[in-house]
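Structure file work-v7.csv with CSV, C-alpha atoms and all ligand atoms:
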```csv
chain,number,residue,atom,x,y,z
A,1004,MET,CA,-256.7,-38.4,42.0
A,1005,LYS,CA,-257.0,-40.0,45.5
A,1006,TYR,CA,-254.0,-39.6,47.7
A,1007,LYS,CA,-252.7,-41.4,50.8
A,1008,LEU,CA,-251.2,-39.0,53.3
A,1009,VAL,CA,-248.5,-40.6,55.4
A,1010,LEU,CA,-247.6,-38.5,58.5
A,1011,PHE,CA,-244.3,-39.3,60.2
A,1012,ASP,CA,-243.3,-38.5,63.7
A,1013,ILE,CA,-239.6,-37.4,64.0
A,1014,ASP,CA,-237.8,-38.5,67.2
A,1015,GLY,CA,-237.6,-42.2,67.7
A,1016,THR,CA,-239.3,-42.8,64.3
A,1017,LEU,CA,-237.2,-41.2,61.6
A,1018,ILE,CA,-234.1,-40.3,63.6
A,1019,PHE,CA,-232.4,-40.6,67.0
A,1020,SER,CA,-231.2,-37.1,67.7
A,1021,GLY,CA,-228.6,-38.1,70.3
A,1022,TYR,CA,-230.7,-36.4,73.0
A,1023,ALA,CA,-230.3,-33.1,71.1
A,1024,GLY,CA,-233.7,-31.9,72.4
A,1025,SER,CA,-233.2,-32.9,76.0
A,1026,ASN,CA,-229.7,-31.4,76.0
A,1027,ALA,CA,-231.0,-28.1,74.5
A,1028,LEU,CA,-233.7,-28.0,77.2
A,1029,LYS,CA,-231.1,-28.7,79.9
A,1030,ARG,CA,-229.0,-25.8,78.8
A,1031,THR,CA,-232.0,-23.6,78.7
A,1032,PHE,CA,-233.3,-24.4,82.2
A,1033,GLU,CA,-229.8,-24.2,83.7
A,1034,LYS,CA,-229.3,-20.8,82.2
A,1035,PHE,CA,-232.7,-19.3,83.2
A,1036,TYR,CA,-233.6,-21.2,86.4
A,1037,GLY,CA,-230.4,-22.9,87.5
A,1038,ILE,CA,-232.0,-26.3,87.1
A,1039,LYS,CA,-229.4,-28.9,86.2
A,1040,GLU,CA,-231.6,-31.9,85.5
A,1041,PRO,CA,-234.9,-30.5,84.4
A,1042,LEU,CA,-236.1,-33.7,82.9
A,1043,LYS,CA,-235.6,-35.9,85.9
A,1044,GLY,CA,-238.7,-38.0,86.5
A,1045,ILE,CA,-240.2,-37.0,83.1
A,1046,ARG,CA,-240.6,-39.3,80.2
A,1047,PRO,CA,-240.8,-36.9,77.2
A,1048,ASP,CA,-241.3,-39.6,74.5
A,1049,GLY,CA,-244.2,-38.6,72.3
A,1050,MET,CA,-244.9,-35.4,74.3
A,1051,THR,CA,-245.1,-32.0,72.5
A,1052,ASP,CA,-242.4,-29.4,73.3
A,1053,PRO,CA,-244.8,-27.1,75.2
A,1054,ASP,CA,-246.1,-30.0,77.2
A,1055,ILE,CA,-242.6,-31.0,78.2
A,1056,ILE,CA,-241.8,-27.5,79.3
A,1057,ARG,CA,-245.0,-27.3,81.3
A,1058,GLU,CA,-244.2,-30.6,83.0
A,1059,ILE,CA,-240.6,-29.4,83.8
A,1060,PHE,CA,-242.2,-26.3,85.5
A,1061,ARG,CA,-244.7,-28.4,87.5
A,1062,LYS,CA,-242.0,-30.8,88.7
A,1063,ASN,CA,-239.2,-28.3,89.4
A,1064,LEU,CA,-240.9,-25.0,90.1
A,1065,LYS,CA,-244.4,-26.2,91.2
A,1066,ARG,CA,-246.1,-23.8,88.9
A,1067,GLU,CA,-247.2,-23.3,85.3
A,1068,PRO,CA,-245.1,-21.1,82.9
A,1069,ASP,CA,-246.8,-18.0,81.6
A,1070,GLU,CA,-247.0,-17.2,77.9
A,1071,LYS,CA,-244.0,-14.9,78.0
A,1072,GLU,CA,-241.8,-17.5,79.7
A,1073,MET,CA,-242.9,-20.2,77.3
A,1074,GLU,CA,-241.9,-17.9,74.4
A,1075,LYS,CA,-238.6,-17.1,76.0
A,1076,ILE,CA,-237.8,-20.7,76.7
A,1077,LEU,CA,-238.7,-21.9,73.3
A,1078,LYS,CA,-236.5,-19.2,71.7
A,1079,GLU,CA,-233.5,-20.1,73.8
A,1080,TYR,CA,-234.2,-23.9,73.3
A,1081,ILE,CA,-234.0,-23.3,69.5
A,1082,GLU,CA,-230.7,-21.5,69.8
A,1083,ASN,CA,-229.3,-24.4,71.9
A,1084,LEU,CA,-230.7,-27.0,69.6
A,1085,LYS,CA,-228.8,-25.6,66.7
A,1086,GLU,CA,-225.7,-26.7,68.5
A,1087,THR,CA,-226.8,-29.9,70.3
A,1088,VAL,CA,-228.2,-31.4,67.2
A,1089,TRP,CA,-224.7,-31.8,65.8
A,1090,ASN,CA,-223.5,-34.7,67.9
A,1091,LYS,CA,-221.9,-38.1,67.2
A,1092,ASP,CA,-224.8,-40.2,68.3
A,1093,TYR,CA,-227.3,-38.6,65.9
A,1094,LYS,CA,-228.6,-41.1,63.4
A,1095,VAL,CA,-231.2,-41.8,60.8
A,1096,PHE,CA,-232.8,-45.2,61.3
A,1097,GLU,CA,-232.0,-47.9,58.8
A,1098,GLY,CA,-234.4,-47.9,55.9
A,1099,VAL,CA,-236.0,-44.5,56.6
A,1100,ARG,CA,-234.4,-42.7,53.7
A,1101,GLU,CA,-235.1,-45.5,51.3
A,1102,LEU,CA,-238.8,-45.7,52.4
A,1103,LEU,CA,-239.2,-41.9,52.1
A,1104,THR,CA,-237.6,-42.1,48.6
A,1105,CYS,CA,-240.1,-44.8,47.5
A,1106,LEU,CA,-243.0,-42.9,48.9
A,1107,LYS,CA,-241.8,-39.6,47.3
A,1108,LYS,CA,-241.5,-41.3,43.8
A,1109,ASN,CA,-245.0,-42.7,44.0
A,1110,LYS,CA,-247.6,-40.1,43.0
A,1111,LYS,CA,-250.3,-41.5,45.1
A,1112,PHE,CA,-248.6,-40.7,48.3
A,1113,LEU,CA,-248.2,-37.4,50.0
A,1114,ILE,CA,-245.7,-37.4,52.9
A,1115,GLY,CA,-245.8,-35.1,55.9
A,1116,LEU,CA,-244.6,-34.6,59.4
A,1117,ALA,CA,-246.7,-34.8,62.5
A,1118,THR,CA,-244.4,-34.1,65.4
A,1119,GLY,CA,-244.3,-32.8,69.0
A,1120,ASN,CA,-241.5,-30.5,67.9
A,1121,ILE,CA,-242.2,-26.9,67.2
A,1122,TYR,CA,-241.7,-26.0,63.5
A,1123,GLU,CA,-238.2,-24.5,63.9
A,1124,GLY,CA,-237.1,-27.4,66.1
A,1125,ALA,CA,-238.3,-30.0,63.6
A,1126,LYS,CA,-236.4,-28.3,60.8
A,1127,ILE,CA,-233.2,-28.2,62.9
A,1128,LYS,CA,-233.5,-31.8,64.0
A,1129,LEU,CA,-233.7,-32.9,60.3
A,1130,LEU,CA,-230.7,-30.8,59.2
A,1131,PRO,CA,-227.9,-33.3,59.9
A,1132,SER,CA,-229.7,-36.0,58.0
A,1133,ASN,CA,-231.1,-33.7,55.3
A,1134,LEU,CA,-234.5,-35.3,55.5
A,1135,TRP,CA,-236.5,-32.0,55.8
A,1136,ASN,CA,-237.0,-31.7,52.0
A,1137,PHE,CA,-238.8,-35.0,51.7
A,1138,PHE,CA,-241.9,-33.5,53.4
A,1139,GLU,CA,-244.4,-31.5,51.7
A,1140,ILE,CA,-246.5,-30.5,54.6
A,1141,GLY,CA,-246.6,-30.9,58.4
A,1142,GLY,CA,-248.3,-30.4,61.7
A,1143,PHE,CA,-246.1,-29.1,64.6
A,1144,ALA,CA,-246.2,-28.3,68.3
A,1145,SER,CA,-246.2,-24.6,67.3
A,1146,ASP,CA,-249.6,-25.2,65.7
A,1147,SER,CA,-251.0,-26.9,68.9
A,1148,SER,CA,-249.6,-28.6,72.0
A,1149,ASN,CA,-252.1,-31.4,71.5
A,1150,ARG,CA,-251.0,-34.3,69.3
A,1151,GLU,CA,-254.4,-35.1,68.0
A,1152,GLU,CA,-254.9,-31.5,66.8
A,1153,ILE,CA,-251.4,-31.5,65.3
A,1154,LEU,CA,-252.6,-34.5,63.1
A,1155,ILE,CA,-255.8,-32.7,62.1
A,1156,ILE,CA,-253.9,-29.6,61.2
A,1157,ALA,CA,-251.5,-31.6,59.1
A,1158,LYS,CA,-254.4,-33.2,57.3
A,1159,LYS,CA,-256.0,-29.8,56.6
A,1160,ARG,CA,-252.8,-28.6,55.1
A,1161,ALA,CA,-252.6,-31.7,53.0
A,1162,ASP,CA,-256.2,-31.1,51.8
A,1163,GLU,CA,-255.2,-27.6,50.8
A,1164,TYR,CA,-252.1,-28.9,49.1
A,1165,VAL,CA,-253.9,-31.3,46.8
A,1166,LYS,CA,-257.1,-29.4,46.4
A,1167,ASN,CA,-256.7,-28.7,42.6
A,1168,LYS,CA,-255.5,-32.2,41.9
A,1169,GLY,CA,-257.7,-34.5,44.0
A,1170,GLU,CA,-258.4,-35.4,47.6
A,1171,ILE,CA,-256.9,-37.2,50.5
A,1172,GLU,CA,-258.4,-40.6,50.8
A,1173,LYS,CA,-256.5,-42.0,53.7
A,1174,VAL,CA,-254.3,-40.8,56.5
A,1175,ILE,CA,-251.6,-43.0,57.9
A,1176,VAL,CA,-249.8,-41.9,61.0
A,1177,ILE,CA,-246.4,-43.5,61.8
A,1178,GLY,CA,-244.9,-43.0,65.3
A,1179,ASP,CA,-242.9,-44.7,68.0
A,1180,THR,CA,-244.9,-44.0,71.2
A,1181,PRO,CA,-248.3,-44.8,72.7
A,1182,LEU,CA,-249.1,-41.1,72.4
A,1183,ASP,CA,-248.7,-41.3,68.6
A,1184,ILE,CA,-251.1,-44.3,68.5
A,1185,ILE,CA,-253.7,-42.7,70.8
A,1186,ALA,CA,-253.7,-39.4,68.9
A,1187,ALA,CA,-254.0,-41.1,65.5
A,1188,LYS,CA,-256.9,-43.2,66.7
A,1189,LYS,CA,-258.7,-40.2,68.3
A,1190,ALA,CA,-258.3,-38.3,65.0
A,1191,GLY,CA,-259.8,-41.3,63.1
A,1192,PHE,CA,-256.6,-42.0,61.2
A,1193,ILE,CA,-254.7,-45.3,60.6
A,1194,SER,CA,-252.0,-45.8,63.2
A,1195,ILE,CA,-248.8,-47.6,62.5
A,1196,ALA,CA,-246.3,-48.0,65.3
A,1197,VAL,CA,-242.6,-48.7,64.9
A,1198,ALA,CA,-240.5,-50.0,67.7
A,1199,THR,CA,-237.4,-47.9,66.9
A,1200,GLY,CA,-237.8,-45.6,69.8
A,1201,ASN,CA,-238.0,-46.3,73.5
A,1202,PHE,CA,-241.0,-48.7,73.4
A,1203,THR,CA,-240.9,-52.3,72.4
A,1204,LYS,CA,-243.4,-54.0,70.1
A,1205,GLU,CA,-245.1,-55.6,73.1
A,1206,GLN,CA,-245.4,-52.3,74.9
A,1207,LEU,CA,-246.9,-50.6,71.8
A,1208,GLU,CA,-249.3,-53.5,71.1
A,1209,ILE,CA,-251.2,-52.7,74.3
A,1210,TYR,CA,-252.5,-49.5,72.5
A,1211,LYS,CA,-253.7,-51.5,69.5
A,1212,PRO,CA,-252.3,-49.7,66.5
A,1213,PHE,CA,-253.5,-50.9,63.1
A,1214,TYR,CA,-250.0,-52.5,62.6
A,1215,ILE,CA,-246.6,-52.5,64.2
A,1216,PHE,CA,-243.2,-52.8,62.6
A,1217,GLU,CA,-240.0,-53.6,64.5
A,1218,ASP,CA,-238.1,-51.1,62.3
A,1219,PHE,CA,-237.9,-49.8,58.7
A,1220,LYS,CA,-235.0,-52.1,57.7
A,1221,ASP,CA,-237.3,-54.0,55.3
A,1222,TYR,CA,-238.5,-50.8,53.7
A,1223,LYS,CA,-239.7,-52.6,50.5
A,1224,LYS,CA,-242.1,-54.7,52.6
A,1225,ILE,CA,-243.3,-51.6,54.4
A,1226,PHE,CA,-243.7,-49.7,51.2
A,1227,SER,CA,-245.8,-52.6,49.7
A,1228,PHE,CA,-247.9,-52.7,52.9
A,1229,LEU,CA,-248.6,-48.9,52.6
A,1230,ILE,CA,-249.7,-49.4,49.0
A,1231,GLU,CA,-252.0,-52.2,50.1
A,1232,ILE,CA,-253.8,-50.5,53.0
B,1301,MG,MG,-241.4,-40.0,68.7
```

For the file at hand, write its structure as C-alpha cells.
Ligand SMILES: [Mg+2]
Amino acid sequence: MKYKLVLFDIDGTLIFSGYAGSNALKRTFEKFYGIKEPLKGIRPDGMTDPDIIREIFRKNLKREPDEKEMEKILKEYIENLKETVWNKDYKVFEGVRELLTCLKKNKKFLIGLATGNIYEGAKIKLLPSNLWNFFEIGGFASDSSNREEILIIAKKRADEYVKNKGEIEKVIVIGDTPLDIIAAKKAGFISIAVATGNFTKEQLEIYKPFYIFEDFKDYKKIFSFLIEI
C-alpha cells in the first residue's frame, strides 16, 4: 500500500484560536518579567513556540533565555493556554472538518500535524474544536524548534506508523505562512498554501508553493486535488 501523508499546520490553517497563544504568552511574560506587550514588533505567524519566546527575549530583555527559563515559560504558557483557548473568537475554518473527514475515510491518506506549537499546546488548541483525534501522527515544536526538522520528524513517525502495511509515497504540507512553504520545500515535500491566515494569496505566491487555495470552503475540490497529485 502506498500512502499519501498530509501534514497540517494548526494556527491560521485549521483554526483561528482567537489569539489564545499570544494571550497566554502575554500573561506569562507579565507574570515573570513584568512585560505587558511582549509580542510588540514581532510577527509570530509560522514561527515555532521556542523561536517566538527567544525573539521576545531579544526584543525586550536583550538576551537569550537559558534552558531552565525556556522550560519554566513553556510550562506557565501551557497553564495559561488552557484558559485563553476558551474564547468567543475561536473558530474552525469553513470546510476544514469536512476535508479532514474525507481524508480520514480514504485509506490512502494518513493525516498528521506539523506545527510550531509544542505538543501540549497543539493538543489544547484543538480541544474546543475537537479536531485532535483526526490526526494519527505529528511533528511539534517540542521535537525541534526548526520547522523543516518538525516536518522530517512527522514523516519519520508516519513511516513507522505504516511500516507493516506499506510506505509513504508522498508528503503534502498544508500551511498558511511563507515559513510553512519554505520548510516544506527544504524538506523536499509538496507545499500547499492556504490564505486563511494573515497572508494573502498574492503574498504567499511569492514563495512559490506547489499550489495555493483561498480557503477550504470548497473542500470537495481540494479533496479531489489531493487525490490527483
Ligand atoms: Mg500557521

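Proximity to ligand MG 1301 (chain B) was assessed for A:Pro1041, A:Pro1212, A:Pro1047, A:Gly1169 counting all atoms listed in the file; the smallest distance is recorded for A:Pro1047.
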
From A:Leu1113, A:Ile1209, A:Ile1045, A:Val1197, residue lying nearest ligand MG 1301 (chain B) [all atoms listed in the file]: A:Val1197

Figure out the distance between atom CA of A:Ala1157 and atom CA of A:Gly1141, please, to one decimal in Å. 5.0 Å

Pairwise distance, atom CA of A:Ile1195 with atom CA of A:Lys1005, equals 20.3 Å

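Interatomic distance, atom CA of A:Gly1024 to atom CA of A:Asn1136: 20.7 Å.
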
Which residues form the shell of 10 Å around ligand MG 1301 (chain B) when you count only C-alpha atoms and all ligand atoms, given as a ChimeraX atom specification? /A:1011-1019,1047-1051,1117-1120,1177-1183,1196-1197,1199-1202
